[in-house]
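Source file: work38.csv; contents: CSV, C-alpha atoms.
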```csv
chain,number,residue,atom,x,y,z
P,627,LEU,CA,5.2,13.7,-6.0
P,628,LYS,CA,5.6,16.1,-8.9
P,629,GLY,CA,7.4,18.5,-6.6
P,630,GLU,CA,9.8,15.8,-5.6
P,631,TYR,CA,10.4,15.0,-9.3
P,632,SER,CA,11.1,18.7,-10.0
P,633,GLU,CA,13.6,18.9,-7.2
P,634,LYS,CA,15.5,15.9,-8.5
P,635,GLU,CA,15.5,17.2,-12.0
P,636,LYS,CA,16.7,20.6,-10.8
P,637,ASP,CA,19.5,19.1,-8.8
P,638,LEU,CA,20.7,17.1,-11.8
P,639,ASN,CA,20.5,20.1,-14.1
P,640,GLU,CA,22.7,22.0,-11.7
P,641,VAL,CA,25.3,19.3,-11.6
P,642,LEU,CA,25.4,19.1,-15.4
P,643,GLY,CA,25.3,22.9,-15.8
P,644,LYS,CA,28.5,23.1,-13.9
P,645,GLY,CA,30.1,20.4,-16.0
P,646,ASN,CA,32.9,22.5,-17.5
P,647,ARG,CA,34.1,23.9,-14.2
P,648,THR,CA,33.7,20.6,-12.4
P,649,PHE,CA,35.5,18.5,-14.9
P,650,SER,CA,38.4,20.9,-15.4
P,651,ILE,CA,39.1,20.8,-11.7
P,652,ALA,CA,38.5,17.0,-11.6
P,653,VAL,CA,41.2,16.2,-14.1
P,654,GLU,CA,43.7,17.4,-11.6
P,655,SER,CA,43.1,14.4,-9.5
P,656,VAL,CA,42.0,10.9,-10.3
P,657,ILE,CA,40.1,10.8,-7.0
P,658,LYS,CA,38.3,14.0,-7.7
P,659,TRP,CA,37.4,12.8,-11.2
P,660,GLY,CA,36.0,9.6,-9.8
P,661,ALA,CA,33.9,11.5,-7.3
P,662,ALA,CA,32.6,13.9,-9.9
P,663,ALA,CA,31.7,11.0,-12.3
P,664,GLN,CA,29.9,9.1,-9.6
P,665,MET,CA,27.9,12.2,-8.7
P,666,VAL,CA,26.8,12.8,-12.3
P,667,TYR,CA,26.1,9.3,-13.3
P,668,GLY,CA,24.5,8.6,-9.9
P,669,GLY,CA,22.3,11.6,-10.5
P,670,ILE,CA,21.2,10.3,-13.9
P,671,ASP,CA,20.3,6.9,-12.4
P,672,TYR,CA,18.4,8.7,-9.7
P,673,LEU,CA,16.5,10.6,-12.3
P,674,LYS,CA,15.7,7.5,-14.3
P,675,ASP,CA,14.4,5.8,-11.2
P,676,SER,CA,12.2,8.8,-10.4
P,677,VAL,CA,10.8,8.9,-13.9
P,678,LYS,CA,10.0,5.2,-13.8
P,679,HIS,CA,8.3,5.6,-10.4
P,680,ILE,CA,6.2,8.4,-11.6
P,681,SER,CA,5.2,6.4,-14.7
P,682,ASP,CA,4.2,3.4,-12.5
P,683,VAL,CA,2.0,5.7,-10.3
P,684,GLU,CA,0.4,7.2,-13.4
P,685,VAL,CA,-0.4,3.7,-14.7
P,686,ALA,CA,-1.9,2.7,-11.4
P,687,MET,CA,-4.0,5.8,-11.4
P,688,ALA,CA,-5.2,5.1,-14.9
P,689,ARG,CA,-6.3,1.6,-13.9
P,690,LEU,CA,-8.2,3.1,-10.9
P,691,GLN,CA,-10.0,5.6,-13.1
P,692,MET,CA,-11.1,2.7,-15.4
P,693,VAL,CA,-13.2,1.1,-12.6
P,694,MET,CA,-14.6,4.2,-10.8
P,695,ASN,CA,-17.4,6.5,-11.9
P,696,PRO,CA,-15.8,9.8,-13.1
P,697,VAL,CA,-19.0,11.7,-12.3
P,698,THR,CA,-19.0,10.8,-8.6
P,699,THR,CA,-15.3,10.4,-8.0
P,700,ASN,CA,-12.7,13.0,-7.2
P,701,PHE,CA,-9.5,11.4,-8.5
P,702,ASN,CA,-7.3,14.2,-7.3
P,703,GLU,CA,-8.5,13.6,-3.8
P,704,LEU,CA,-8.0,9.8,-4.2
P,705,GLN,CA,-4.4,10.4,-5.4
P,706,LYS,CA,-3.8,12.7,-2.4
P,707,SER,CA,-5.1,10.0,-0.1
P,708,ALA,CA,-2.9,7.3,-1.7
P,709,LEU,CA,0.2,9.5,-1.4
P,710,GLY,CA,-0.7,10.3,2.2
P,711,PHE,CA,-1.1,6.7,3.2
P,712,ALA,CA,2.1,5.7,1.4
P,713,LYS,CA,4.1,8.4,3.3
P,714,GLN,CA,2.4,7.9,6.6
P,715,TYR,CA,2.7,4.1,6.7
P,716,GLY,CA,5.9,3.6,4.7
P,717,VAL,CA,4.5,1.6,1.8
P,718,GLY,CA,4.6,2.1,-2.0
P,719,VAL,CA,2.1,4.4,-3.7
P,720,GLU,CA,1.5,1.8,-6.4
P,721,SER,CA,0.6,-0.7,-3.7
P,722,VAL,CA,-1.9,1.7,-2.2
P,723,LEU,CA,-3.5,2.5,-5.5
P,724,ASP,CA,-3.8,-1.3,-6.3
P,725,SER,CA,-5.7,-1.7,-3.1
P,726,MET,CA,-8.0,1.2,-4.1
P,727,ARG,CA,-8.6,-0.5,-7.4
P,728,VAL,CA,-9.6,-3.8,-5.8
P,729,PHE,CA,-12.1,-2.1,-3.5
P,730,ALA,CA,-13.4,0.1,-6.3
P,731,GLN,CA,-14.0,-3.0,-8.4
P,732,GLN,CA,-16.5,-4.1,-5.7
P,733,GLY,CA,-18.7,-1.1,-6.7
P,734,LEU,CA,-17.8,0.9,-3.5
P,735,SER,CA,-18.1,4.7,-3.4
P,736,GLN,CA,-15.0,6.9,-2.9
P,737,GLN,CA,-15.6,7.2,0.8
P,738,TYR,CA,-15.6,3.4,1.4
P,739,VAL,CA,-12.7,2.9,-1.0
P,740,VAL,CA,-10.6,5.3,1.0
P,741,ASP,CA,-11.7,3.8,4.3
P,742,ARG,CA,-10.9,0.2,3.4
P,743,THR,CA,-7.6,1.2,1.7
P,744,ARG,CA,-6.5,3.0,4.8
P,745,THR,CA,-7.3,-0.1,6.9
P,746,ALA,CA,-5.5,-2.4,4.5
P,747,THR,CA,-2.4,-0.1,4.5
P,748,VAL,CA,-2.4,0.1,8.3
P,749,ALA,CA,-2.7,-3.7,8.4
P,750,SER,CA,0.4,-4.2,6.2
P,751,ASN,CA,2.3,-1.9,8.5
P,752,ILE,CA,1.4,-3.3,12.0
P,753,THR,CA,0.7,-7.0,11.2
P,754,ASP,CA,2.3,-9.8,9.2
P,755,LEU,CA,-0.2,-9.2,6.4
P,756,ASN,CA,1.1,-7.7,3.1
P,757,PRO,CA,-1.1,-5.2,1.3
P,758,THR,CA,-2.6,-7.8,-1.1
P,759,ASP,CA,-3.5,-10.2,1.7
P,760,ALA,CA,-4.9,-7.5,3.8
P,761,THR,CA,-7.1,-6.2,1.0
P,762,GLU,CA,-8.4,-9.8,0.3
P,763,ALA,CA,-9.1,-10.5,4.0
P,764,LEU,CA,-10.9,-7.2,4.5
P,765,THR,CA,-12.9,-7.8,1.4
P,766,ALA,CA,-14.0,-11.2,2.8
P,767,ALA,CA,-14.7,-9.8,6.3
P,768,MET,CA,-16.7,-6.8,5.1
P,769,LYS,CA,-18.7,-8.9,2.5
P,770,VAL,CA,-19.8,-11.5,5.0
P,771,PHE,CA,-19.8,-9.7,8.4
P,772,GLY,CA,-19.8,-6.0,7.6
P,773,ALA,CA,-22.7,-3.8,8.6
P,774,GLU,CA,-24.0,-0.9,6.6
P,775,GLY,CA,-21.8,2.2,7.3
P,776,GLU,CA,-19.4,0.2,9.5
P,777,SER,CA,-15.7,1.1,9.3
P,778,SER,CA,-13.4,-1.7,8.2
P,779,MET,CA,-11.0,-0.7,10.9
P,780,ARG,CA,-13.1,-2.7,13.4
P,781,PHE,CA,-11.9,-6.0,11.8
P,782,LEU,CA,-8.2,-4.9,11.9
P,783,ASP,CA,-8.6,-3.9,15.5
P,784,SER,CA,-9.9,-7.3,16.4
P,785,TRP,CA,-7.1,-9.1,14.6
P,786,SER,CA,-4.5,-6.9,16.2
P,787,GLU,CA,-5.9,-7.4,19.6
P,788,VAL,CA,-6.0,-11.2,19.3
P,789,GLU,CA,-2.5,-11.3,17.9
P,790,SER,CA,-1.2,-9.3,20.9
P,791,LYS,CA,-2.8,-11.7,23.4
P,792,ALA,CA,-2.5,-15.1,21.8
P,793,ALA,CA,0.0,-17.2,19.9
P,794,VAL,CA,-1.9,-16.6,16.6
P,795,LYS,CA,-0.8,-14.2,13.9
P,796,ALA,CA,-3.2,-11.7,12.3
P,797,GLY,CA,-2.3,-13.4,8.9
P,798,ASP,CA,-3.7,-16.7,10.2
P,799,LEU,CA,-6.9,-15.0,11.4
P,800,ALA,CA,-7.3,-13.3,8.1
P,801,ASP,CA,-6.7,-16.5,6.1
P,802,ALA,CA,-9.3,-18.3,8.1
P,803,ILE,CA,-11.8,-15.5,7.4
P,804,LYS,CA,-11.1,-15.8,3.7
P,805,LYS,CA,-11.7,-19.6,3.9
P,806,ALA,CA,-14.5,-20.0,6.4
P,807,ALA,CA,-16.4,-16.7,6.7
P,808,SER,CA,-19.4,-17.7,4.6
P,809,ALA,CA,-19.8,-21.1,6.2
P,810,ALA,CA,-19.4,-19.6,9.7
P,811,LYS,CA,-22.1,-17.0,8.9
P,812,ASN,CA,-24.5,-19.7,7.7
P,813,ALA,CA,-23.9,-21.6,10.9
P,814,GLY,CA,-24.8,-18.6,13.0
P,815,ILE,CA,-21.2,-17.8,14.0
P,816,ASP,CA,-20.3,-14.1,14.0
P,817,PHE,CA,-17.0,-12.5,13.3
P,818,ASP,CA,-15.7,-12.4,16.9
P,819,GLN,CA,-16.8,-15.9,17.6
P,820,LEU,CA,-15.0,-17.1,14.5
P,821,ASN,CA,-11.9,-15.3,15.6
P,822,GLY,CA,-12.2,-17.0,19.0
P,823,LEU,CA,-12.5,-20.4,17.4
P,824,VAL,CA,-9.5,-19.9,15.1
P,825,THR,CA,-7.5,-18.6,18.0
P,826,ALA,CA,-8.4,-21.6,20.2
P,827,VAL,CA,-7.6,-24.2,17.5
P,828,GLY,CA,-4.5,-22.4,16.2
P,829,SER,CA,-3.0,-22.0,19.7
P,830,VAL,CA,-3.2,-25.7,20.4
P,831,THR,CA,-2.6,-27.3,17.0
P,832,ARG,CA,-0.3,-24.6,15.5
P,833,GLN,CA,-2.1,-25.0,12.2
P,834,THR,CA,-2.2,-22.1,9.8
P,835,GLY,CA,-5.3,-20.0,9.2
P,836,LYS,CA,-5.8,-21.7,5.8
P,837,GLU,CA,-5.7,-25.1,7.4
P,838,ILE,CA,-8.1,-24.1,10.2
P,839,GLY,CA,-10.5,-22.5,7.8
P,840,THR,CA,-10.7,-25.4,5.5
```

Full structure transcribed into structure tokens:
Amino acid sequence: LKGEYSEKEKDLNEVLGKGNRTFSIAVESVIKWGAAAQMVYGGIDYLKDSVKHISDVEVAMARLQMVMNPVTTNFNELQKSALGFAKQYGVGVESVLDSMRVFAQQGLSQQYVVDRTRTATVASNITDLNPTDATEALTAAMKVFGAEGESSMRFLDSWSEVESKAAVKAGDLADAIKKAASAAKNAGIDFDQLNGLVTAVGSVTRQTGKEIGT
């Protein structure tokens, strides 16, 4: 990210550094002047956007640092993971860092924060869940049905498989989990059975996951 910022800054400096020559030529033609002005002012806007983006990422990192143990956490590695997930799955870095913060607030170690953030980011990429909803749904699923050492990807795999085979969206399955997971567990119903019940009811009634889970 810092490298990207440096390149943008370098490009803009080069444009401004050639100002005398560029503008002396540009005045010969209104069209050329318009193009040069657009290039310069567009570059300035581009730089401003870059600075704001970097600032937002730094704020998100600071918030993450506030909720994780600095002794047992490698924040450089966490930032690398966040940047990697954002690039790989086409989401905003700030969104990834926000997911990390939510999982970190649950007292999870760095390993599990990264695992669940990866799953939430993938979910926002391949299902109708946005990052926030994916994070909340995974939190509910792991809290009620998660086994020690189990990867959170197991839940996303199940939602994705059901979504591909039945007329029920992953978002509805996730909403039902958030609403009914605890009650289902107390009734002796496991995660896959709950998914099956939600799918059966949703396919027939076309109710949303929130309605089914209530």

Test item: residues at most 7 Å from region 721-723 of chain P, all atoms listed in the file, excluding those fewer than 6 positions along its chain, as a list in words: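 What passes the distance filter is Ala686, Met687, Ala708, Ala712, Thr743, Thr747 and Pro757 of chain P.
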
Keeping only C-alpha atoms, take the residues you just selected and write them out as a JSON list (two decimals), in the coordinates of the input.
```json
[["chain", "number", "residue", "atom", "x", "y", "z"],
["P", 686, "ALA", "CA", -1.90, 2.70, -11.40],
["P", 687, "MET", "CA", -4.00, 5.80, -11.40],
["P", 708, "ALA", "CA", -2.90, 7.30, -1.70],
["P", 712, "ALA", "CA", 2.10, 5.70, 1.40],
["P", 743, "THR", "CA", -7.60, 1.20, 1.70],
["P", 747, "THR", "CA", -2.40, -0.10, 4.50],
["P", 757, "PRO", "CA", -1.10, -5.20, 1.30]]
```

Atomic separation - CA of Ala730 (chain P) relative to CA of Phe781 (chain P), Å: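 Rounded to one decimal, the two atoms are 19.2 Å apart.
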
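Counting from CA of Glu703 (chain P), the distance to CA of Glu720 (chain P) is 15.7 Å.
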
If I take CA of Ala746 (chain P) and CA of Ala793 (chain P), how far is one from the other in Å, to one decimal?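 Rounded to one decimal, the two atoms are 22.1 Å apart.
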
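Minimum atom-to-atom distances from P:Val719, P:Gln732, P:Val824, P:Ser707 to Asp682 (chain P) were compared using all atoms listed in the file, and the lowest value belongs to P:Val719.
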
Which one is closest to Ile815 (chain P): P:Lys713, P:Arg744, P:Ile803, P:Arg689? Count all atoms listed in the file.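 Closest to Ile815 (chain P) of all the choices is P:Ile803.
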
Compile the contact shell of Thr758 (chain P) as a PDB file with C-alpha atoms, in the coordinates of the input: residues with an atom at most 9 Å away, counting all atoms listed in the file, same-chain residues fewer than 3 positions apart removed.
```
ATOM      1  CA  SER P 721       0.600  -0.700  -3.700  1.00  0.00           C
ATOM      2  CA  ASP P 724      -3.800  -1.300  -6.300  1.00  0.00           C
ATOM      3  CA  SER P 725      -5.700  -1.700  -3.100  1.00  0.00           C
ATOM      4  CA  ALA P 746      -5.500  -2.400   4.500  1.00  0.00           C
ATOM      5  CA  SER P 750       0.400  -4.200   6.200  1.00  0.00           C
ATOM      6  CA  LEU P 755      -0.200  -9.200   6.400  1.00  0.00           C
ATOM      7  CA  THR P 761      -7.100  -6.200   1.000  1.00  0.00           C
ATOM      8  CA  GLU P 762      -8.400  -9.800   0.300  1.00  0.00           C
ATOM      9  CA  ALA P 763      -9.100 -10.500   4.000  1.00  0.00           C
TER      10      ALA P 763
END
```

P:Asn751, P:Asn695, P:Thr825, P:Ser735: which is nearest Gly718 (chain P), counting only C-alpha atoms? P:Asn751
